[in-house]
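What follows is the content of model.cif, which has mmCIF, C-alpha atoms and all ligand atoms:
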data_entry
loop_
_atom_site.label_atom_id
_atom_site.label_comp_id
_atom_site.auth_asym_id
_atom_site.auth_seq_id
_atom_site.Cartn_x
_atom_site.Cartn_y
_atom_site.Cartn_z
CA MET Q 1 0.00 0.00 0.00
CA ILE Q 2 1.26 3.44 -0.96
CA GLU Q 3 0.64 4.88 2.52
CA ASN Q 4 2.86 2.27 4.13
CA LYS Q 5 5.58 2.74 1.53
CA ILE Q 6 5.60 6.49 2.13
CA LYS Q 7 5.69 6.06 5.90
CA GLN Q 8 8.50 3.52 5.67
CA THR Q 9 10.54 5.82 3.46
CA VAL Q 10 9.99 9.29 4.98
CA ARG Q 11 12.68 10.21 7.49
CA ASP Q 12 11.61 11.78 10.79
CA ILE Q 13 13.96 14.51 12.00
CA PRO Q 14 13.15 15.45 15.61
CA ASN Q 15 13.58 19.08 16.67
CA PHE Q 16 14.05 20.48 13.13
CA PRO Q 17 13.88 23.34 12.28
CA LYS Q 18 13.17 24.08 15.95
CA PRO Q 19 12.60 22.23 19.22
CA GLY Q 20 9.35 20.25 19.39
CA ILE Q 21 8.83 19.90 15.60
CA VAL Q 22 9.24 16.44 14.03
CA PHE Q 23 10.21 17.28 10.45
CA LYS Q 24 9.03 14.85 7.76
CA ASP Q 25 12.00 14.65 5.41
CA ILE Q 26 10.84 13.47 1.97
CA THR Q 27 14.29 13.41 0.36
CA PRO Q 28 14.57 9.59 0.76
CA ILE Q 29 11.39 9.32 -1.34
CA LEU Q 30 13.00 11.37 -4.11
CA LYS Q 31 15.83 8.82 -4.34
CA ASP Q 32 13.36 6.02 -5.10
CA ALA Q 33 12.25 6.46 -8.72
CA THR Q 34 9.72 3.61 -8.56
CA LEU Q 35 8.08 5.08 -5.48
CA CYS Q 36 8.04 8.57 -7.04
CA ASN Q 37 6.22 7.18 -10.07
CA GLU Q 38 3.76 5.38 -7.83
CA ILE Q 39 3.13 8.55 -5.81
CA THR Q 40 2.45 10.64 -8.90
CA ARG Q 41 0.06 8.03 -10.27
CA SER Q 42 -1.70 7.69 -6.90
CA LEU Q 43 -2.11 11.46 -6.53
CA ALA Q 44 -3.56 11.63 -10.05
CA GLY Q 45 -5.85 8.66 -9.32
CA GLN Q 46 -7.33 10.36 -6.23
CA LEU Q 47 -8.15 13.42 -8.34
CA ALA Q 48 -9.41 11.71 -11.47
CA HIS Q 49 -13.03 12.73 -10.88
CA LEU Q 50 -12.22 16.47 -10.54
CA GLU Q 51 -12.18 18.88 -13.46
CA ILE Q 52 -8.77 20.41 -12.87
CA ASP Q 53 -7.64 23.22 -15.18
CA VAL Q 54 -4.36 24.10 -13.44
CA VAL Q 55 -2.11 22.64 -10.72
CA ALA Q 56 -0.55 25.25 -8.40
CA GLY Q 57 2.42 24.01 -6.35
CA ILE Q 58 3.78 25.74 -3.27
CA GLU Q 59 7.48 26.55 -2.91
CA SER Q 60 9.52 24.59 -2.67
CA ARG Q 61 8.61 20.98 -1.98
CA GLY Q 62 5.22 21.48 -3.62
CA PHE Q 63 7.07 21.90 -6.91
CA LEU Q 64 8.49 18.36 -6.83
CA PHE Q 65 5.33 16.35 -7.34
CA GLY Q 66 3.20 19.34 -8.38
CA LEU Q 67 4.78 19.56 -11.82
CA ALA Q 68 4.77 15.75 -12.20
CA LEU Q 69 1.06 15.74 -11.32
CA ALA Q 70 0.28 18.53 -13.80
CA GLN Q 71 2.13 16.59 -16.50
CA ILE Q 72 0.20 13.39 -15.88
CA LEU Q 73 -3.10 15.37 -15.83
CA ASN Q 74 -1.94 17.22 -18.95
CA VAL Q 75 -2.70 20.67 -17.48
CA PRO Q 76 -0.54 23.76 -16.78
CA PHE Q 77 1.59 24.07 -13.65
CA VAL Q 78 1.87 27.35 -11.74
CA PRO Q 79 4.43 28.04 -8.99
CA ILE Q 80 3.36 29.87 -5.83
CA ARG Q 81 6.52 31.32 -4.34
CA LYS Q 82 7.87 33.11 -1.31
CA ALA Q 83 8.00 36.89 -1.66
CA GLY Q 84 10.60 38.41 -3.97
CA LYS Q 85 11.32 35.37 -6.15
CA LEU Q 86 8.95 35.74 -9.10
CA PRO Q 87 10.22 38.01 -11.90
CA TYR Q 88 6.95 39.23 -13.48
CA LYS Q 89 4.09 41.25 -11.92
CA THR Q 90 2.74 39.52 -8.84
CA VAL Q 91 -0.16 39.38 -6.42
CA GLN Q 92 0.71 38.84 -2.75
CA GLN Q 93 -0.86 37.26 0.33
CA SER Q 94 0.59 37.45 3.83
CA TYR Q 95 -0.20 34.94 6.55
CA SER Q 96 0.66 34.36 10.20
CA LEU Q 97 3.37 32.00 11.33
CA GLU Q 98 3.96 30.94 14.91
CA TYR Q 99 6.37 33.88 15.16
CA GLY Q 100 5.73 36.75 12.73
CA THR Q 101 4.36 36.60 9.20
CA ALA Q 102 5.29 35.25 5.76
CA THR Q 103 4.19 36.27 2.27
CA LEU Q 104 3.37 34.16 -0.78
CA GLU Q 105 3.29 35.48 -4.33
CA ILE Q 106 1.91 34.40 -7.68
CA HIS Q 107 2.20 35.87 -11.15
CA GLU Q 108 -0.84 38.00 -11.91
CA ASP Q 109 -1.48 36.10 -15.17
CA ALA Q 110 -1.22 32.66 -13.55
CA PHE Q 111 -4.88 31.72 -14.11
CA LEU Q 112 -7.82 32.73 -16.24
CA PRO Q 113 -10.92 33.83 -14.31
CA GLN Q 114 -13.08 30.88 -13.15
CA GLN Q 115 -10.40 28.26 -13.81
CA ASN Q 116 -10.42 25.29 -11.43
CA VAL Q 117 -7.13 25.23 -9.53
CA LEU Q 118 -5.78 22.25 -7.63
CA ILE Q 119 -3.37 23.34 -4.86
CA HIS Q 120 -0.56 20.89 -4.15
CA ASP Q 121 2.05 20.79 -1.40
CA ASP Q 122 4.15 18.02 0.10
CA LEU Q 123 2.62 18.27 3.56
CA LEU Q 124 -0.42 19.75 5.30
CA ALA Q 125 0.32 20.87 8.87
CA THR Q 126 -1.71 23.76 10.34
CA GLY Q 127 -3.02 24.74 6.90
CA GLY Q 128 -1.83 28.37 7.09
CA THR Q 129 0.25 28.05 3.93
CA VAL Q 130 -2.46 26.57 1.75
CA VAL Q 131 -5.08 29.01 3.11
CA ALA Q 132 -2.82 31.85 1.90
CA ALA Q 133 -2.40 30.05 -1.44
CA SER Q 134 -6.20 29.74 -1.67
CA GLU Q 135 -6.59 33.49 -1.07
CA LEU Q 136 -4.21 34.08 -3.99
CA VAL Q 137 -6.34 31.87 -6.24
CA HIS Q 138 -9.41 33.91 -5.28
CA LYS Q 139 -7.59 37.22 -5.78
CA LEU Q 140 -7.04 36.15 -9.39
CA ARG Q 141 -10.78 35.26 -9.64
CA ALA Q 142 -10.08 31.56 -10.12
CA LYS Q 143 -11.59 28.73 -8.02
CA VAL Q 144 -10.03 26.17 -5.67
CA ILE Q 145 -11.21 22.78 -6.91
CA GLY Q 146 -9.25 20.83 -4.29
CA TYR Q 147 -6.06 20.12 -2.37
CA SER Q 148 -3.54 17.35 -2.70
CA PHE Q 149 -0.71 16.41 -0.33
CA LEU Q 150 1.66 13.51 0.08
CA ILE Q 151 1.34 13.71 3.86
CA HIS Q 152 -1.07 15.32 6.31
CA LEU Q 153 -0.61 15.79 10.03
CA GLY Q 154 -4.21 15.16 11.09
CA PHE Q 155 -3.62 16.10 14.73
CA LEU Q 156 -3.07 19.74 13.68
CA ASN Q 157 -6.57 19.93 12.12
CA GLY Q 158 -5.41 21.82 9.03
CA GLN Q 159 -8.20 20.20 7.01
CA GLN Q 160 -10.83 22.18 8.93
CA ARG Q 161 -9.40 25.45 7.63
CA LEU Q 162 -9.62 24.29 4.01
CA THR Q 163 -13.21 23.09 3.76
CA LYS Q 164 -14.54 26.66 3.31
CA PHE Q 165 -12.56 26.78 0.04
CA SER Q 166 -13.15 23.19 -1.12
CA PRO Q 167 -14.26 19.89 0.45
CA ASN Q 168 -11.91 17.98 -1.86
CA ILE Q 169 -8.87 17.37 0.35
CA PHE Q 170 -6.62 14.43 -0.52
CA SER Q 171 -3.48 13.00 0.99
CA LEU Q 172 -1.62 9.73 0.54
CA ALA Q 173 -0.34 9.28 4.11
CA GLY Q 174 -1.76 10.55 7.38
CA TYR Q 175 -0.34 10.87 10.88
P1 LIG C 201 1.33 24.71 7.48
O1 LIG C 201 1.20 26.06 6.86
O2 LIG C 201 1.41 24.73 8.96
O3 LIG C 201 0.27 23.75 6.98
O4 LIG C 201 2.74 24.14 7.03
C1 LIG C 201 2.88 23.59 5.79
C2 LIG C 201 4.20 23.92 5.14
O5 LIG C 201 5.28 23.80 6.06
C3 LIG C 201 4.47 22.93 4.02
O6 LIG C 201 5.05 23.64 2.94
C4 LIG C 201 5.41 21.92 4.62
O7 LIG C 201 6.41 21.55 3.71
C5 LIG C 201 6.03 22.62 5.82
N1 LIG C 201 5.95 21.81 7.06
C6 LIG C 201 5.21 22.10 8.16
N2 LIG C 201 5.38 21.19 9.12
C7 LIG C 201 6.24 20.27 8.62
C8 LIG C 201 6.79 19.04 9.12
N3 LIG C 201 6.51 18.57 10.35
N4 LIG C 201 7.63 18.34 8.32
C9 LIG C 201 7.90 18.79 7.07
N5 LIG C 201 7.43 19.93 6.54
C10 LIG C 201 6.60 20.67 7.30
#
Structure rendered as structure tokens:
Amino acid sequence: MIENKIKQTVRDIPNFPKPGIVFKDITPILKDATLCNEITRSLAGQLAHLEIDVVAGIESRGFLFGLALAQILNVPFVPIRKAGKLPYKTVQQSYSLEYGTATLEIHEDAFLPQQNVLIHDDLLATGGTVVAASELVHKLRAKVIGYSFLIHLGFLNGQQRLTKFSPNIFSLAGY
């Protein structure tokens, strides 16, 4: 089962990047080409019933499988990046972190109005990052059709913050 394979392969790093956080390191997954293929196919399979026009991946680990997923779905890929990285005209959204704030940006021509956007990231924790990404989708007058993650940390209840944007929340492995 894909969930077990992911859990067996992900590396837990206690107290990174700060005390009390158990970081889910996906780099061992990236070294396993067969597993990467299986993950991309499984993500696409979960989403097969949705009418996805664009996949938006969140910097930086959301780019890894986000582009692969867009390719398999045969739709465009759009990067959502941290502030100051995108070269063309951007739209911004700030959000709260445990200490301070962060800002995400997207190119202003990323989507056409009313397009159905699937937001992808490697991991759902508190949901703050993907909520900010969802606000960006709305600022460009597109729609959030769903969310896809490799991993979700269910005990942080991030899913609850996403349902107001879309009920379609998928993940391959849950903790
Ligand atoms: P959040 O906004 O709290 O849902 O955090 C999600 C973002 O932070 C994603 O881009 C994840 O890659 C990263 N992240 C948060 N917690 C972890 C964790 N325990 N292990 C790996 N990445 C994490």
Pick out the residues no farther than 8 Å from ligand LIG 201 (chain C), counting all atoms listed in the file, and list them as a list in words.
Ile21, Val22, Phe23, Lys24, Asp25, Ile26, Ile58, Glu59, Ser60, Arg61, Gly62, Leu97, Asp121, Asp122, Leu123, Leu124, Ala125, Thr126, Gly127, Gly128, Thr129, Val130, Val131, Leu153 and Gly158 of chain Q
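Among the candidates Q:Thr101, Q:Thr27, Q:Gln8, Q:Gln92, the residue lying nearest to Ile80 in chain Q is Q:Gln92 (atoms considered: all atoms listed in the file).
Coordinates place CA of Ile169 in chain Q at a distance of 5.8 Å from CA of Gly146 in chain Q.
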When you look at Ser148 in chain Q with a cut-off of 12 Å (counting all atoms listed in the file), what residues show up, excluding the ones that are within fewer than 3 positions of it in the same chain? I need them as a PyMOL selection string.
chain Q and resi 39-40+42-48+50+52+55-58+62+65-66+69-70+117-124+130+144-145+151-152+159+162+166-173
Selection above as a file: C-alpha atoms, as a CSV table (one decimal), in the coordinates of the input:
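Below is the file that was written, out_24.csv:
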chain,number,residue,atom,x,y,z
Q,39,ILE,CA,3.1,8.6,-5.8
Q,40,THR,CA,2.4,10.6,-8.9
Q,42,SER,CA,-1.7,7.7,-6.9
Q,43,LEU,CA,-2.1,11.5,-6.5
Q,44,ALA,CA,-3.6,11.6,-10.0
Q,45,GLY,CA,-5.8,8.7,-9.3
Q,46,GLN,CA,-7.3,10.4,-6.2
Q,47,LEU,CA,-8.2,13.4,-8.3
Q,48,ALA,CA,-9.4,11.7,-11.5
Q,50,LEU,CA,-12.2,16.5,-10.5
Q,52,ILE,CA,-8.8,20.4,-12.9
Q,55,VAL,CA,-2.1,22.6,-10.7
Q,56,ALA,CA,-0.6,25.2,-8.4
Q,57,GLY,CA,2.4,24.0,-6.4
Q,58,ILE,CA,3.8,25.7,-3.3
Q,62,GLY,CA,5.2,21.5,-3.6
Q,65,PHE,CA,5.3,16.4,-7.3
Q,66,GLY,CA,3.2,19.3,-8.4
Q,69,LEU,CA,1.1,15.7,-11.3
Q,70,ALA,CA,0.3,18.5,-13.8
Q,117,VAL,CA,-7.1,25.2,-9.5
Q,118,LEU,CA,-5.8,22.2,-7.6
Q,119,ILE,CA,-3.4,23.3,-4.9
Q,120,HIS,CA,-0.6,20.9,-4.2
Q,121,ASP,CA,2.0,20.8,-1.4
Q,122,ASP,CA,4.2,18.0,0.1
Q,123,LEU,CA,2.6,18.3,3.6
Q,124,LEU,CA,-0.4,19.8,5.3
Q,130,VAL,CA,-2.5,26.6,1.8
Q,144,VAL,CA,-10.0,26.2,-5.7
Q,145,ILE,CA,-11.2,22.8,-6.9
Q,151,ILE,CA,1.3,13.7,3.9
Q,152,HIS,CA,-1.1,15.3,6.3
Q,159,GLN,CA,-8.2,20.2,7.0
Q,162,LEU,CA,-9.6,24.3,4.0
Q,166,SER,CA,-13.2,23.2,-1.1
Q,167,PRO,CA,-14.3,19.9,0.4
Q,168,ASN,CA,-11.9,18.0,-1.9
Q,169,ILE,CA,-8.9,17.4,0.4
Q,170,PHE,CA,-6.6,14.4,-0.5
Q,171,SER,CA,-3.5,13.0,1.0
Q,172,LEU,CA,-1.6,9.7,0.5
Q,173,ALA,CA,-0.3,9.3,4.1
Distance of CA of Glu98 in chain Q from CA of Glu3 in chain Q, expressed in Å to one decimal place
29.0 Å
So how many Å separate CA of Ala142 in chain Q and CA of Phe165 in chain Q, to one decimal?
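So the answer is 11.5 Å.
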